[in-house]
Amino acid sequence: MMGLYSIRMRGAEGGPHEEGGRHISGAERIVEESDLESIAASLIHRALQHSKGKSDFINICIDAVHDEDIMYVDCIAIEEHKSESVQESHELAKDLLQSVVNYKAVEQAFTELGQLSGNMRGAILLDANTGVRLDQDHMRGVRVSHMDACGTEIRPMNVHMREALVLATKVQSCSGIVGELCWSDDPDYTVGYVACNGVYHRIPNMKDMGTPIGGRVFFVDINRPIREIVDYLENTTVLVRW
Ligand code: WAQ
Ligand code: MG
């Protein structure tokens, strides 16, 4: 077998992210060497053809992954929910989260996401008991990286869902994190989810059609140093088995 590589793309408009450019698109894969070139092309395509705009800065970073550094994790279960309105969806999401997160922290999560004036590249970390914000860089948040899926997909799914399931599975596998809340920043994609107790609760109408701002909140419940949690999310290579 050939070696595996991690390939990560981030695109921004108005210059690089670190110089104030607006984040347009980010995506990553873990692939065989022989697939690197075609995957690189598809990631560049995404940075240029995103519904949020066209990147004028694109960063692609590739590095080899060593087999012994890979953690394999089984994909979490999927439950599909129905809802007719944003209000109904948010109530459902709050109910689900309250099985693992304090009421105050759940409310705080919706307040934080509702107050965003632009898109963060990463997620907000909240204390699941108090709702206090734990991440350091409030503009960027914590960006989960170094993950992909392997094997044959369990069911047909679009690219949003595939990526969200992989991310949510890695986040659920992180000791100390009990729950996640998410909806997309793509204006035309209104499906979101709650992940908790090893289940991906897929919920339609998590935001109004046309809304250009999305976000993620991870709820932290144990007394584990935040830097360990962030290090796992950012740096540990996780392959999700379908
Ligand atoms: N790590 C942490 N936070 C992230 C990451 C990451 N790698 N990628 C995105 N985010 C945050 C960031 O604040 C984005 O603005 C927000 O999440 C939404 O990201 O049909 O498409 O990539 O089952 O727009 C969920 C439903 C779709 C899928 C989620 O999120 C389905 C989605 P997006
Ligand atoms: Mg998006």
# chains A, B, ... in the order shown; residues from 1 in each chain; ligands from 1
$ select_by_dssp --residues "stretch 40-115 of chain A" --states "strand (DSSP E or B)" --output "JSON, numbers by chain"
{"A": [50, 53, 57, 58, 59, 60, 61, 62, 63, 64, 65, 70, 71, 72, 73, 74, 77, 78, 79, 80]}
$ write_last_selection --atoms "N, CA and C atoms" --output "PDB file, in the first residue's frame"
ATOM      1  N   HIS A  50     -17.550  28.685  -4.674  1.00  0.00           N
ATOM      2  CA  HIS A  50     -18.403  28.558  -3.491  1.00  0.00           C
ATOM      3  C   HIS A  50     -19.560  29.544  -3.555  1.00  0.00           C
ATOM      4  N   GLY A  53     -18.888  33.047  -2.330  1.00  0.00           N
ATOM      5  CA  GLY A  53     -18.030  33.955  -3.076  1.00  0.00           C
ATOM      6  C   GLY A  53     -16.835  33.234  -3.652  1.00  0.00           C
ATOM      7  N   PHE A  57      -7.562  34.153  -2.158  1.00  0.00           N
ATOM      8  CA  PHE A  57      -6.427  33.546  -1.472  1.00  0.00           C
ATOM      9  C   PHE A  57      -6.776  32.078  -1.247  1.00  0.00           C
ATOM     10  N   ILE A  58      -5.902  31.184  -1.679  1.00  0.00           N
ATOM     11  CA  ILE A  58      -6.127  29.749  -1.447  1.00  0.00           C
ATOM     12  C   ILE A  58      -4.844  29.142  -0.895  1.00  0.00           C
ATOM     13  N   ASN A  59      -4.982  28.501   0.239  1.00  0.00           N
ATOM     14  CA  ASN A  59      -3.839  27.830   0.840  1.00  0.00           C
ATOM     15  C   ASN A  59      -4.103  26.330   0.797  1.00  0.00           C
ATOM     16  N   ILE A  60      -3.147  25.584   0.244  1.00  0.00           N
ATOM     17  CA  ILE A  60      -3.260  24.115   0.267  1.00  0.00           C
ATOM     18  C   ILE A  60      -2.037  23.553   0.970  1.00  0.00           C
ATOM     19  N   CYS A  61      -2.284  22.734   1.953  1.00  0.00           N
ATOM     20  CA  CYS A  61      -1.189  22.200   2.748  1.00  0.00           C
ATOM     21  C   CYS A  61      -1.272  20.672   2.707  1.00  0.00           C
ATOM     22  N   ILE A  62      -0.165  20.047   2.405  1.00  0.00           N
ATOM     23  CA  ILE A  62      -0.134  18.590   2.282  1.00  0.00           C
ATOM     24  C   ILE A  62       0.973  18.026   3.158  1.00  0.00           C
ATOM     25  N   ASP A  63       0.650  17.050   3.970  1.00  0.00           N
ATOM     26  CA  ASP A  63       1.742  16.348   4.637  1.00  0.00           C
ATOM     27  C   ASP A  63       1.442  14.858   4.815  1.00  0.00           C
ATOM     28  N   ALA A  64       2.498  14.101   4.862  1.00  0.00           N
ATOM     29  CA  ALA A  64       2.377  12.646   4.959  1.00  0.00           C
ATOM     30  C   ALA A  64       1.828  12.261   6.322  1.00  0.00           C
ATOM     31  N   VAL A  65       1.006  11.217   6.326  1.00  0.00           N
ATOM     32  CA  VAL A  65       0.456  10.688   7.582  1.00  0.00           C
ATOM     33  C   VAL A  65       1.109   9.337   7.826  1.00  0.00           C
ATOM     34  N   ILE A  70      -2.543   6.997  13.127  1.00  0.00           N
ATOM     35  CA  ILE A  70      -3.963   7.081  12.763  1.00  0.00           C
ATOM     36  C   ILE A  70      -4.832   6.405  13.817  1.00  0.00           C
ATOM     37  N   MET A  71      -5.889   7.125  14.218  1.00  0.00           N
ATOM     38  CA  MET A  71      -6.906   6.525  15.103  1.00  0.00           C
ATOM     39  C   MET A  71      -8.119   6.190  14.256  1.00  0.00           C
ATOM     40  N   TYR A  72      -8.621   4.984  14.404  1.00  0.00           N
ATOM     41  CA  TYR A  72      -9.824   4.589  13.675  1.00  0.00           C
ATOM     42  C   TYR A  72     -11.030   4.650  14.604  1.00  0.00           C
ATOM     43  N   VAL A  73     -12.095   5.286  14.147  1.00  0.00           N
ATOM     44  CA  VAL A  73     -13.288   5.478  14.976  1.00  0.00           C
ATOM     45  C   VAL A  73     -14.508   5.101  14.140  1.00  0.00           C
ATOM     46  N   ASP A  74     -15.468   4.374  14.750  1.00  0.00           N
ATOM     47  CA  ASP A  74     -16.685   4.034  14.006  1.00  0.00           C
ATOM     48  C   ASP A  74     -17.603   5.239  13.885  1.00  0.00           C
ATOM     49  N   ALA A  77     -24.162   6.950  14.933  1.00  0.00           N
ATOM     50  CA  ALA A  77     -25.466   6.613  14.346  1.00  0.00           C
ATOM     51  C   ALA A  77     -26.151   7.879  13.815  1.00  0.00           C
ATOM     52  N   ILE A  78     -27.059   7.677  12.856  1.00  0.00           N
ATOM     53  CA  ILE A  78     -27.773   8.821  12.271  1.00  0.00           C
ATOM     54  C   ILE A  78     -29.251   8.711  12.601  1.00  0.00           C
ATOM     55  N   GLU A  79     -29.834   9.810  13.092  1.00  0.00           N
ATOM     56  CA  GLU A  79     -31.290   9.871  13.238  1.00  0.00           C
ATOM     57  C   GLU A  79     -31.793  11.085  12.492  1.00  0.00           C
ATOM     58  N   GLU A  80     -32.774  10.858  11.638  1.00  0.00           N
ATOM     59  CA  GLU A  80     -33.341  11.957  10.844  1.00  0.00           C
ATOM     60  C   GLU A  80     -34.591  12.481  11.540  1.00  0.00           C
TER      61      GLU A  80
END
$ residues_near_ligand --ligand "ligand 2" --cutoff "10 Å" --atoms "only C-alpha atoms and all ligand atoms" --output "ChimeraX atom specification"
/A:23-27,50-52,119,121,160,183-189,212-215
$ atom_distance --atom1 "atom CA of A:Trp242" --atom2 "atom CA of A:Glu33"
21.5 Å
$ atom_distance --atom1 "atom 15 (O, counted along the ligand's line) of ligand 1" --atom2 "atom CA of A:Asn205"
16.3 Å
$ closest_residue --among "A:Ile124, A:Gly179, A:Gly151, A:Leu239" --to "A:His138" --atoms "only C-alpha atoms"
A:Ile124
$ atom_distance --atom1 "atom CA of A:Ile39" --atom2 "atom CA of A:Asp148"
12.8 Å
$ closest_residue --among "A:Val199, A:Val217, A:Val191, A:Val238" --to "ligand 1" --atoms "only C-alpha atoms and all ligand atoms"
A:Val191
$ closest_residue --among "A:Leu43, A:Ile30, A:Leu116, A:Ala123" --to "ligand 1" --atoms "only C-alpha atoms and all ligand atoms"
A:Ala123
$ closest_residue --among "A:Ser42, A:Asn235, A:Ser145, A:Ser117" --to "ligand 1" --atoms "only C-alpha atoms and all ligand atoms"
A:Ser145
$ select_by_dssp --residues "stretch 81-117 of chain A" --states "helix (DSSP H, G or I)" --output "NGL selection string"
:A and (86-97 or 103-115)
$ residues_around --residues "A:Asp231" --least-positions-apart "5" --cutoff "12 Å" --atoms "only C-alpha atoms" --output "PyMOL selection string"
chain A and resi 142-146+171+174-175+224-226+236-237
$ decode --residues "stretch 214-226 of chain A" --atoms "all heavy atoms" --output "tab-separated table (two decimals), in the first residue's frame"
chain	number	residue	atom	x	y	z
A	214	GLY	N	-23.38	30.74	9.69
A	214	GLY	CA	-23.61	29.47	10.39
A	214	GLY	C	-22.66	29.38	11.56
A	214	GLY	O	-22.00	30.35	11.91
A	215	GLY	N	-22.58	28.22	12.16
A	215	GLY	CA	-21.63	28.09	13.26
A	215	GLY	C	-21.69	26.74	13.93
A	215	GLY	O	-22.56	25.91	13.64
A	216	ARG	N	-20.74	26.57	14.86
A	216	ARG	CA	-20.69	25.32	15.62
A	216	ARG	C	-20.36	25.62	17.07
A	216	ARG	O	-19.57	26.52	17.35
A	216	ARG	CB	-19.58	24.40	15.08
A	216	ARG	CG	-19.99	23.58	13.88
A	216	ARG	CD	-18.91	22.57	13.53
A	216	ARG	NE	-19.45	21.50	12.71
A	216	ARG	CZ	-19.48	21.51	11.38
A	216	ARG	NH1	-19.01	22.53	10.71
A	216	ARG	NH2	-20.00	20.48	10.72
A	217	VAL	N	-20.96	24.85	17.96
A	217	VAL	CA	-20.62	24.93	19.38
A	217	VAL	C	-20.31	23.51	19.87
A	217	VAL	O	-21.07	22.58	19.60
A	217	VAL	CB	-21.78	25.52	20.20
A	217	VAL	CG1	-21.45	25.49	21.69
A	217	VAL	CG2	-22.11	26.93	19.76
A	218	PHE	N	-19.18	23.35	20.57
A	218	PHE	CA	-18.85	22.08	21.24
A	218	PHE	C	-19.00	22.30	22.74
A	218	PHE	O	-18.49	23.28	23.28
A	218	PHE	CB	-17.40	21.66	20.95
A	218	PHE	CG	-17.05	21.52	19.50
A	218	PHE	CD1	-15.73	21.65	19.08
A	218	PHE	CD2	-18.01	21.25	18.53
A	218	PHE	CE1	-15.38	21.52	17.74
A	218	PHE	CE2	-17.68	21.11	17.18
A	218	PHE	CZ	-16.35	21.25	16.79
A	219	PHE	N	-19.67	21.36	23.40
A	219	PHE	CA	-19.89	21.47	24.85
A	219	PHE	C	-18.91	20.58	25.59
A	219	PHE	O	-18.84	19.37	25.33
A	219	PHE	CB	-21.33	21.06	25.19
A	219	PHE	CG	-22.37	21.95	24.55
A	219	PHE	CD1	-22.92	21.62	23.32
A	219	PHE	CD2	-22.79	23.12	25.17
A	219	PHE	CE1	-23.88	22.43	22.72
A	219	PHE	CE2	-23.75	23.94	24.58
A	219	PHE	CZ	-24.29	23.58	23.35
A	220	VAL	N	-18.19	21.17	26.53
A	220	VAL	CA	-17.13	20.46	27.25
A	220	VAL	C	-17.59	20.17	28.67
A	220	VAL	O	-18.04	21.07	29.38
A	220	VAL	CB	-15.86	21.34	27.32
A	220	VAL	CG1	-14.78	20.67	28.15
A	220	VAL	CG2	-15.35	21.63	25.91
A	221	ASP	N	-17.49	18.92	29.07
A	221	ASP	CA	-18.03	18.55	30.38
A	221	ASP	C	-17.05	18.07	31.43
A	221	ASP	O	-17.40	17.97	32.60
A	221	ASP	CB	-19.15	17.52	30.23
A	221	ASP	CG	-19.86	17.27	31.55
A	221	ASP	OD1	-19.92	18.19	32.38
A	221	ASP	OD2	-20.33	16.15	31.78
A	222	ILE	N	-15.84	17.69	31.07
A	222	ILE	CA	-15.00	17.24	32.17
A	222	ILE	C	-13.86	18.19	32.42
A	222	ILE	O	-13.55	19.05	31.62
A	222	ILE	CB	-14.40	15.82	31.99
A	222	ILE	CG1	-13.70	15.78	30.66
A	222	ILE	CG2	-15.40	14.74	32.24
A	222	ILE	CD1	-12.72	14.65	30.59
A	223	ASN	N	-13.26	17.95	33.54
A	223	ASN	CA	-12.15	18.77	33.95
A	223	ASN	C	-10.89	18.28	33.26
A	223	ASN	O	-10.04	17.66	33.86
A	223	ASN	CB	-12.01	18.65	35.45
A	223	ASN	CG	-11.69	20.00	36.03
A	223	ASN	OD1	-11.31	20.91	35.29
A	223	ASN	ND2	-11.81	20.13	37.32
A	224	ARG	N	-10.81	18.53	31.98
A	224	ARG	CA	-9.61	18.14	31.24
A	224	ARG	C	-9.02	19.43	30.70
A	224	ARG	O	-9.77	20.30	30.26
A	224	ARG	CB	-10.05	17.23	30.09
A	224	ARG	CG	-8.92	16.74	29.21
A	224	ARG	CD	-9.43	15.81	28.11
A	224	ARG	NE	-8.30	15.31	27.35
A	224	ARG	CZ	-8.40	14.82	26.12
A	224	ARG	NH1	-9.57	14.75	25.51
A	224	ARG	NH2	-7.33	14.39	25.50
A	225	PRO	N	-7.70	19.58	30.72
A	225	PRO	CA	-7.14	20.83	30.22
A	225	PRO	C	-7.62	21.13	28.80
A	225	PRO	O	-7.61	20.24	27.95
A	225	PRO	CB	-5.62	20.57	30.24
A	225	PRO	CG	-5.43	19.48	31.23
A	225	PRO	CD	-6.68	18.65	31.20
A	226	ILE	N	-8.07	22.36	28.59
A	226	ILE	CA	-8.60	22.75	27.29
A	226	ILE	C	-7.58	22.52	26.18
A	226	ILE	O	-7.92	22.11	25.08
A	226	ILE	CB	-9.03	24.24	27.31
A	226	ILE	CG1	-10.29	24.39	28.17
A	226	ILE	CG2	-9.33	24.76	25.92
A	226	ILE	CD1	-11.45	23.53	27.72
